[in-house]
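Text of input-v2.cif, listed as mmCIF, C-alpha atoms and all ligand atoms; chains and numbers go by the auth columns:
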data_structure
loop_
_atom_site.group_PDB
_atom_site.id
_atom_site.type_symbol
_atom_site.label_atom_id
_atom_site.label_comp_id
_atom_site.label_asym_id
_atom_site.label_seq_id
_atom_site.Cartn_x
_atom_site.Cartn_y
_atom_site.Cartn_z
_atom_site.B_iso_or_equiv
_atom_site.auth_seq_id
_atom_site.auth_asym_id
ATOM 1 C CA MET A 1 77.611 103.349 82.445 0.00 152 A
ATOM 2 C CA THR A 2 76.288 100.649 84.768 0.00 153 A
ATOM 3 C CA ILE A 3 78.038 100.089 88.094 0.00 154 A
ATOM 4 C CA PRO A 4 81.090 97.990 87.217 0.00 155 A
ATOM 5 C CA LYS A 5 81.438 94.624 88.922 0.00 156 A
ATOM 6 C CA LEU A 6 84.887 93.359 89.792 0.00 157 A
ATOM 7 C CA THR A 7 85.003 89.660 90.556 0.00 158 A
ATOM 8 C CA TYR A 8 87.940 88.276 92.493 0.00 159 A
ATOM 9 C CA PHE A 9 88.714 85.993 95.401 0.00 160 A
ATOM 10 C CA ASP A 10 87.756 87.004 98.930 0.00 161 A
ATOM 11 C CA PHE A 11 91.062 88.242 100.313 0.00 162 A
ATOM 12 C CA ASP A 12 92.836 91.597 100.390 0.00 163 A
ATOM 13 C CA GLY A 13 95.612 90.992 97.891 0.00 164 A
ATOM 14 C CA GLY A 14 96.470 89.143 94.718 0.00 165 A
ATOM 15 C CA ARG A 15 95.756 90.055 91.131 0.00 166 A
ATOM 16 C CA GLY A 16 92.411 91.709 91.854 0.00 167 A
ATOM 17 C CA GLU A 17 93.531 94.071 94.589 0.00 168 A
ATOM 18 C CA THR A 18 95.080 96.756 92.347 0.00 169 A
ATOM 19 C CA ALA A 19 91.769 97.273 90.569 0.00 170 A
ATOM 20 C CA ARG A 20 89.858 97.415 93.862 0.00 171 A
ATOM 21 C CA LEU A 21 92.238 100.097 95.123 0.00 172 A
ATOM 22 C CA ALA A 22 91.974 102.048 91.855 0.00 173 A
ATOM 23 C CA PHE A 23 88.165 102.103 92.135 0.00 174 A
ATOM 24 C CA VAL A 24 88.378 103.270 95.745 0.00 175 A
ATOM 25 C CA ILE A 25 91.023 105.953 95.179 0.00 176 A
ATOM 26 C CA GLY A 26 89.214 107.161 92.087 0.00 177 A
ATOM 27 C CA SER A 27 85.910 107.320 94.016 0.00 178 A
ATOM 28 C CA LEU A 28 84.229 105.235 91.336 0.00 179 A
ATOM 29 C CA ALA A 29 81.464 103.062 92.782 0.00 180 A
ATOM 30 C CA PHE A 30 81.850 99.389 91.996 0.00 181 A
ATOM 31 C CA GLN A 31 80.445 96.059 93.065 0.00 182 A
ATOM 32 C CA ASP A 32 83.135 94.156 94.917 0.00 183 A
ATOM 33 C CA ASP A 33 82.158 90.609 94.021 0.00 184 A
ATOM 34 C CA ARG A 34 84.258 88.382 96.272 0.00 185 A
ATOM 35 C CA VAL A 35 84.233 84.703 95.386 0.00 186 A
ATOM 36 C CA SER A 36 84.793 82.128 98.110 0.00 187 A
ATOM 37 C CA PHE A 37 87.139 79.265 97.296 0.00 188 A
ATOM 38 C CA ALA A 38 84.228 76.892 97.976 0.00 189 A
ATOM 39 C CA ASP A 39 82.120 78.567 95.283 0.00 190 A
ATOM 40 C CA TRP A 40 84.924 78.899 92.738 0.00 191 A
ATOM 41 C CA PRO A 41 84.370 75.565 90.915 0.00 192 A
ATOM 42 C CA ASN A 42 80.812 76.733 90.053 0.00 193 A
ATOM 43 C CA ARG A 43 81.956 80.144 88.865 0.00 194 A
ATOM 44 C CA LYS A 44 85.140 79.150 87.018 0.00 195 A
ATOM 45 C CA PRO A 45 83.489 77.840 83.809 0.00 196 A
ATOM 46 C CA LEU A 46 81.640 81.156 83.435 0.00 197 A
ATOM 47 C CA MET A 47 84.853 83.231 83.295 0.00 198 A
ATOM 48 C CA PRO A 48 86.450 84.151 79.936 0.00 199 A
ATOM 49 C CA PHE A 49 89.722 82.320 80.712 0.00 200 A
ATOM 50 C CA GLY A 50 88.564 80.283 83.716 0.00 201 A
ATOM 51 C CA ALA A 51 90.424 82.607 86.064 0.00 202 A
ATOM 52 C CA LEU A 52 90.048 85.827 88.074 0.00 203 A
ATOM 53 C CA PRO A 53 89.945 88.821 88.175 0.00 204 A
ATOM 54 C CA VAL A 54 87.123 89.590 85.752 0.00 205 A
ATOM 55 C CA LEU A 55 85.478 92.963 85.214 0.00 206 A
ATOM 56 C CA GLU A 56 81.865 93.269 84.101 0.00 207 A
ATOM 57 C CA ILE A 57 80.675 96.572 82.758 0.00 208 A
ATOM 58 C CA ASN A 58 77.617 97.471 80.713 0.00 209 A
ATOM 59 C CA GLY A 59 76.755 93.773 80.493 0.00 210 A
ATOM 60 C CA LYS A 60 80.142 92.852 78.988 0.00 211 A
ATOM 61 C CA THR A 61 83.132 91.160 80.576 0.00 212 A
ATOM 62 C CA VAL A 62 86.870 91.532 80.293 0.00 213 A
ATOM 63 C CA ALA A 63 89.568 89.440 81.948 0.00 214 A
ATOM 64 C CA GLN A 64 93.351 89.658 82.572 0.00 215 A
ATOM 65 C CA SER A 65 94.474 91.652 85.580 0.00 216 A
ATOM 66 C CA ASN A 66 96.747 94.186 83.910 0.00 217 A
ATOM 67 C CA THR A 67 94.199 94.805 81.152 0.00 218 A
ATOM 68 C CA ILE A 68 91.639 95.548 83.867 0.00 219 A
ATOM 69 C CA ASN A 69 94.131 97.721 85.760 0.00 220 A
ATOM 70 C CA ARG A 70 94.799 99.815 82.662 0.00 221 A
ATOM 71 C CA TYR A 71 91.115 100.131 81.850 0.00 222 A
ATOM 72 C CA ILE A 72 90.097 101.249 85.341 0.00 223 A
ATOM 73 C CA GLY A 73 93.241 103.361 85.560 0.00 224 A
ATOM 74 C CA ARG A 74 92.049 105.269 82.480 0.00 225 A
ATOM 75 C CA LEU A 75 88.561 105.692 83.948 0.00 226 A
ATOM 76 C CA VAL A 76 89.851 107.197 87.204 0.00 227 A
ATOM 77 C CA ASP A 77 92.992 108.980 85.933 0.00 228 A
ATOM 78 C CA LEU A 78 95.470 106.571 87.480 0.00 229 A
ATOM 79 C CA TYR A 79 97.009 105.619 84.122 0.00 230 A
ATOM 80 C CA PRO A 80 99.321 107.944 82.142 0.00 231 A
ATOM 81 C CA ALA A 81 97.994 109.605 78.995 0.00 232 A
ATOM 82 C CA ASP A 82 101.512 110.016 77.618 0.00 233 A
ATOM 83 C CA PRO A 83 102.468 106.866 75.634 0.00 234 A
ATOM 84 C CA TRP A 84 105.992 106.640 77.060 0.00 235 A
ATOM 85 C CA GLN A 85 104.831 107.080 80.644 0.00 236 A
ATOM 86 C CA ALA A 86 102.101 104.510 79.958 0.00 237 A
ATOM 87 C CA ALA A 87 104.798 102.079 78.777 0.00 238 A
ATOM 88 C CA LEU A 88 106.749 102.614 82.014 0.00 239 A
ATOM 89 C CA CYS A 89 103.565 101.990 83.987 0.00 240 A
ATOM 90 C CA ASP A 90 102.974 98.754 82.023 0.00 241 A
ATOM 91 C CA GLU A 91 106.581 97.687 82.504 0.00 242 A
ATOM 92 C CA ALA A 92 106.312 97.740 86.292 0.00 243 A
ATOM 93 C CA MET A 93 102.948 95.932 86.260 0.00 244 A
ATOM 94 C CA ASP A 94 104.245 93.250 83.898 0.00 245 A
ATOM 95 C CA ALA A 95 107.406 92.805 85.979 0.00 246 A
ATOM 96 C CA VAL A 96 105.274 92.106 89.055 0.00 247 A
ATOM 97 C CA GLU A 97 103.164 89.730 86.984 0.00 248 A
ATOM 98 C CA ASP A 98 106.291 87.821 85.834 0.00 249 A
ATOM 99 C CA ILE A 99 107.543 87.080 89.326 0.00 250 A
ATOM 100 C CA GLY A 100 104.058 86.752 90.817 0.00 251 A
ATOM 101 C CA THR A 101 103.158 84.091 88.269 0.00 252 A
ATOM 102 C CA ARG A 102 106.180 82.011 89.297 0.00 253 A
ATOM 103 C CA VAL A 103 105.325 82.311 92.972 0.00 254 A
ATOM 104 C CA PHE A 104 101.586 81.677 92.560 0.00 255 A
ATOM 105 C CA ALA A 105 102.384 78.531 90.551 0.00 256 A
ATOM 106 C CA THR A 106 103.687 76.952 93.780 0.00 257 A
ATOM 107 C CA ILE A 107 100.487 77.420 95.790 0.00 258 A
ATOM 108 C CA LEU A 108 98.943 74.026 95.117 0.00 259 A
ATOM 109 C CA LEU A 109 102.151 71.978 95.146 0.00 260 A
ATOM 110 C CA PRO A 110 102.624 69.203 97.701 0.00 261 A
ATOM 111 C CA GLU A 111 104.407 70.617 100.774 0.00 262 A
ATOM 112 C CA THR A 112 107.861 69.134 100.100 0.00 263 A
ATOM 113 C CA GLU A 113 107.958 70.307 96.502 0.00 264 A
ATOM 114 C CA LYS A 114 106.533 73.704 97.472 0.00 265 A
ATOM 115 C CA LYS A 115 109.360 74.186 99.988 0.00 266 A
ATOM 116 C CA VAL A 116 112.020 73.314 97.396 0.00 267 A
ATOM 117 C CA GLN A 117 110.569 75.591 94.725 0.00 268 A
ATOM 118 C CA ARG A 118 109.865 78.507 97.082 0.00 269 A
ATOM 119 C CA GLU A 119 113.376 78.372 98.550 0.00 270 A
ATOM 120 C CA GLU A 120 114.808 78.411 95.032 0.00 271 A
ATOM 121 C CA LEU A 121 112.682 81.446 94.207 0.00 272 A
ATOM 122 C CA ALA A 122 113.670 83.166 97.462 0.00 273 A
ATOM 123 C CA ASN A 123 117.353 82.573 96.741 0.00 274 A
ATOM 124 C CA GLY A 124 117.372 83.959 93.213 0.00 275 A
ATOM 125 C CA PRO A 125 114.427 85.146 91.140 0.00 276 A
ATOM 126 C CA ILE A 126 112.567 87.056 93.875 0.00 277 A
ATOM 127 C CA PRO A 127 115.563 89.116 95.100 0.00 278 A
ATOM 128 C CA TYR A 128 116.624 89.671 91.488 0.00 279 A
ATOM 129 C CA SER A 129 113.186 90.977 90.585 0.00 280 A
ATOM 130 C CA LEU A 130 113.037 93.158 93.718 0.00 281 A
ATOM 131 C CA SER A 131 116.400 94.758 93.053 0.00 282 A
ATOM 132 C CA ARG A 132 115.554 95.396 89.383 0.00 283 A
ATOM 133 C CA LEU A 133 112.184 96.895 90.266 0.00 284 A
ATOM 134 C CA GLN A 134 113.903 99.149 92.768 0.00 285 A
ATOM 135 C CA GLN A 135 116.403 100.232 90.111 0.00 286 A
ATOM 136 C CA ARG A 136 113.563 101.133 87.781 0.00 287 A
ATOM 137 C CA LEU A 137 111.854 103.136 90.510 0.00 288 A
ATOM 138 C CA GLU A 138 115.100 105.011 91.202 0.00 289 A
ATOM 139 C CA ALA A 139 115.623 105.628 87.479 0.00 290 A
ATOM 140 C CA HIS A 140 112.260 107.399 87.404 0.00 291 A
ATOM 141 C CA GLY A 141 112.957 109.620 90.394 0.00 292 A
ATOM 142 C CA GLY A 142 112.455 107.187 93.295 0.00 293 A
ATOM 143 C CA ARG A 143 108.902 108.156 94.219 0.00 294 A
ATOM 144 C CA TYR A 144 106.613 106.697 91.550 0.00 295 A
ATOM 145 C CA PHE A 145 107.067 104.249 88.677 0.00 296 A
ATOM 146 C CA ALA A 146 105.638 106.496 85.969 0.00 297 A
ATOM 147 C CA ASP A 147 104.275 109.939 85.257 0.00 298 A
ATOM 148 C CA ASP A 148 105.789 111.358 88.475 0.00 299 A
ATOM 149 C CA ARG A 149 102.553 110.576 90.311 0.00 300 A
ATOM 150 C CA LEU A 150 100.546 107.669 91.673 0.00 301 A
ATOM 151 C CA THR A 151 99.393 105.254 88.965 0.00 302 A
ATOM 152 C CA VAL A 152 98.102 101.689 88.875 0.00 303 A
ATOM 153 C CA ALA A 153 101.753 100.552 88.623 0.00 304 A
ATOM 154 C CA ASP A 154 102.417 101.885 92.116 0.00 305 A
ATOM 155 C CA LEU A 155 99.310 100.148 93.407 0.00 306 A
ATOM 156 C CA LYS A 156 100.337 96.823 91.866 0.00 307 A
ATOM 157 C CA VAL A 157 103.899 96.973 93.228 0.00 308 A
ATOM 158 C CA PHE A 158 102.513 98.022 96.628 0.00 309 A
ATOM 159 C CA VAL A 159 100.164 95.001 96.728 0.00 310 A
ATOM 160 C CA TRP A 160 103.052 92.689 95.834 0.00 311 A
ATOM 161 C CA ILE A 161 105.471 94.089 98.422 0.00 312 A
ATOM 162 C CA ARG A 162 102.734 94.040 101.060 0.00 313 A
ATOM 163 C CA HIS A 163 102.129 90.376 100.283 0.00 314 A
ATOM 164 C CA LEU A 164 105.818 89.467 100.463 0.00 315 A
ATOM 165 C CA ARG A 165 106.202 91.276 103.797 0.00 316 A
ATOM 166 C CA SER A 166 103.037 89.766 105.289 0.00 317 A
ATOM 167 C CA GLY A 167 104.703 86.428 105.972 0.00 318 A
ATOM 168 C CA ALA A 168 101.852 84.634 104.191 0.00 319 A
ATOM 169 C CA LEU A 169 104.275 82.981 101.763 0.00 320 A
ATOM 170 C CA ASP A 170 105.740 79.977 103.537 0.00 321 A
ATOM 171 C CA HIS A 171 109.466 79.414 102.840 0.00 322 A
ATOM 172 C CA VAL A 172 109.967 82.951 101.533 0.00 323 A
ATOM 173 C CA PRO A 173 111.512 85.172 104.252 0.00 324 A
ATOM 174 C CA SER A 174 109.172 88.089 104.893 0.00 325 A
ATOM 175 C CA ASP A 175 112.096 90.494 105.334 0.00 326 A
ATOM 176 C CA LEU A 176 113.328 89.987 101.743 0.00 327 A
ATOM 177 C CA PRO A 177 111.979 93.371 100.510 0.00 328 A
ATOM 178 C CA ASP A 178 113.492 95.190 103.521 0.00 329 A
ATOM 179 C CA ARG A 179 116.888 93.575 102.971 0.00 330 A
ATOM 180 C CA ILE A 180 117.013 93.694 99.192 0.00 331 A
ATOM 181 C CA ALA A 181 114.927 96.677 98.184 0.00 332 A
ATOM 182 C CA PRO A 182 114.306 99.202 100.975 0.00 333 A
ATOM 183 C CA GLY A 183 113.347 101.718 98.300 0.00 334 A
ATOM 184 C CA LEU A 184 110.336 99.565 97.452 0.00 335 A
ATOM 185 C CA VAL A 185 109.384 99.322 101.123 0.00 336 A
ATOM 186 C CA GLU A 186 109.545 103.111 101.398 0.00 337 A
ATOM 187 C CA HIS A 187 107.534 103.370 98.176 0.00 338 A
ATOM 188 C CA GLY A 188 104.962 100.983 99.679 0.00 339 A
ATOM 189 C CA SER A 189 104.690 103.136 102.760 0.00 340 A
ATOM 190 C CA ARG A 190 104.114 106.190 100.526 0.00 341 A
ATOM 191 C CA VAL A 191 101.255 104.364 98.789 0.00 342 A
ATOM 192 C CA MET A 192 99.828 103.128 102.104 0.00 343 A
ATOM 193 C CA HIS A 193 99.740 106.716 103.364 0.00 344 A
ATOM 194 C CA HIS A 194 97.663 107.840 100.407 0.00 345 A
ATOM 195 C CA PRO A 195 94.414 108.932 102.122 0.00 346 A
ATOM 196 C CA GLY A 196 92.274 106.687 99.906 0.00 347 A
ATOM 197 C CA VAL A 197 94.442 103.621 100.526 0.00 348 A
ATOM 198 C CA SER A 198 94.780 104.046 104.302 0.00 349 A
ATOM 199 C CA ALA A 199 91.046 104.728 104.687 0.00 350 A
ATOM 200 C CA TYR A 200 90.255 101.637 102.624 0.00 351 A
ATOM 201 C CA TYR A 201 92.382 99.305 104.743 0.00 352 A
ATOM 202 C CA ALA A 202 91.158 100.882 107.983 0.00 353 A
ATOM 203 C CA GLY A 203 87.634 100.098 106.778 0.00 354 A
ATOM 204 C CA ARG A 204 88.563 96.544 105.816 0.00 355 A
ATOM 205 C CA GLN A 205 90.049 95.956 109.280 0.00 356 A
ATOM 206 C CA ALA A 206 86.961 97.353 110.948 0.00 357 A
ATOM 207 C CA THR A 207 84.717 94.918 109.076 0.00 358 A
ATOM 208 C CA ALA A 208 87.047 91.902 109.479 0.00 359 A
HETATM 209 N N1 LIG B . 96.985 86.165 83.448 0.00 401 B
HETATM 210 C C1 LIG B . 95.848 86.167 84.328 0.00 401 B
HETATM 211 C C2 LIG B . 96.062 85.116 85.400 0.00 401 B
HETATM 212 C C3 LIG B . 94.797 84.903 86.201 0.00 401 B
HETATM 213 C C4 LIG B . 94.960 83.876 87.295 0.00 401 B
HETATM 214 O O1 LIG B . 95.700 82.882 87.187 0.00 401 B
HETATM 215 N N2 LIG B . 94.211 84.101 88.385 0.00 401 B
HETATM 216 C C5 LIG B . 94.230 83.199 89.510 0.00 401 B
HETATM 217 C C6 LIG B . 94.037 84.003 90.792 0.00 401 B
HETATM 218 S S1 LIG B . 95.280 85.210 91.069 0.00 401 B
HETATM 219 C C7 LIG B . 93.072 82.234 89.410 0.00 401 B
HETATM 220 O O2 LIG B . 92.014 82.591 88.948 0.00 401 B
HETATM 221 N N3 LIG B . 93.265 80.998 89.903 0.00 401 B
HETATM 222 C C8 LIG B . 92.220 80.015 89.989 0.00 401 B
HETATM 223 C C9 LIG B . 92.163 79.097 88.811 0.00 401 B
HETATM 224 O O3 LIG B . 92.952 79.254 87.850 0.00 401 B
HETATM 225 O O4 LIG B . 91.328 78.178 88.845 0.00 401 B
HETATM 226 C C10 LIG B . 95.640 87.559 84.930 0.00 401 B
HETATM 227 O O5 LIG B . 96.612 88.327 85.005 0.00 401 B
HETATM 228 O O6 LIG B . 94.507 87.899 85.296 0.00 401 B
#
Is it possible to give me this structure as structure tokens?
Amino acid sequence: MTIPKLTYFDFDGGRGETARLAFVIGSLAFQDDRVSFADWPNRKPLMPFGALPVLEINGKTVAQSNTINRYIGRLVDLYPADPWQAALCDEAMDAVEDIGTRVFATILLPETEKKVQREELANGPIPYSLSRLQQRLEAHGGRYFADDRLTVADLKVFVWIRHLRSGALDHVPSDLPDRIAPGLVEHGSRVMHHPGVSAYYAGRQATA
């Protein structure tokens, strides 16, 4: 196998971050191809669906974040072998994708419209999604979303909660997860304390 190349935007979050973390935790060397926003218009037409992330391996490419997460998860044993546990893992990743897609769709809106739409999301769909995700976590024992161990689902939820709490989303209160779903915040702290995850972010800070 050639060294896989993961192409995504140059920030520590979003749809590409789960796969980056999976590579790091799984100690699988990869090329972290970070695209600047300035360079994106040149790169976009070359991508299978004109979007990122994209994984290149053995000279072939595959797109769609959760597809990539599952694929890398299988390579590094962060995806359940049991079909039912795999379905639970997919469920959590797709649930994050559902709400994330609605939030990301507001990024390029004019400021007034962005404020209206984000406040609507913060007053309904985001808390709803957080509370339902927390219920699902509790239903599976409260520690991990599937397989009673860390999987790519935990990484994806962690990235999402980290983003919400970062304050980077204007008009969405950064304390929403703490107020609505403390179980997800605790889960996020569990993931952050994974040695591979904490070492990765310590390294990212050191190079920032
Ligand atoms: N369903 C796709 C969505 C991909 C997507 O919309 N990616 C965003 C970044 S998170 C993107 O590439 N935006 C730039 C563009 O569409 O030009 C996935 O899950 O990978």
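Neighbouring residues of A:Glu207 at 12 Å or closer, counting all atoms listed in the file and skipping chain neighbours under 5 positions away, are Met152, Thr153, Ile154, Pro155, Lys156, Leu157, Thr158, Tyr159, Phe181, Gln182, Asp183, Asp184, Met198, Pro199, Thr212, Val213, Ala214, Ile219, Tyr222 and Ile223 of chain A.
Taking only C-alpha atoms and all ligand atoms into account, ligand LIG 401 (chain B) lies nearest to A:Lys307 out of the set A:Lys307, A:Lys266, A:Lys211, A:Arg294.
Considering all atoms listed in the file, the residue among A:Ala237, A:Ala246, A:Leu315, A:Leu301 positioned nearest to ligand LIG 401 (chain B) is A:Ala246.
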* Asked: Just so the selection is clear, what residues does the PyMOL selection byres (((chain A and resi 279) around 12) and not hetatm) cover here, as a PyMOL selection string?
  -> chain A and resi 246-247+249-250+271-278+280-286+327-328+331-332
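For the set A:Ala202, A:Leu239, A:Ala297, A:Leu259, the residue with the smallest atom-to-atom gap to ligand LIG 401 (chain B) is A:Ala202, counting all atoms listed in the file.
The smallest atom-to-atom distance between ligand LIG 401 (chain B) and any of A:Trp311, A:Trp235, A:Tyr352, A:Phe160, using all atoms listed in the file, is found for A:Phe160.
Using only C-alpha atoms and all ligand atoms, the shortest contact distance between ligand LIG 401 (chain B) and any of A:Pro196, A:Gly292, A:Pro204, A:Gly177 is found at A:Pro204.
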* To do: Enumerate as a ChimeraX atom specification the residues within 6 Å of ligand LIG 401 (chain B), counting only C-alpha atoms and all ligand atoms.
  => /A:165-166,202-204,215-217
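Our summary of the geometry notes that atom CA of A:Gln356 is positioned 19.9 Å from atom CA of A:Ala180.
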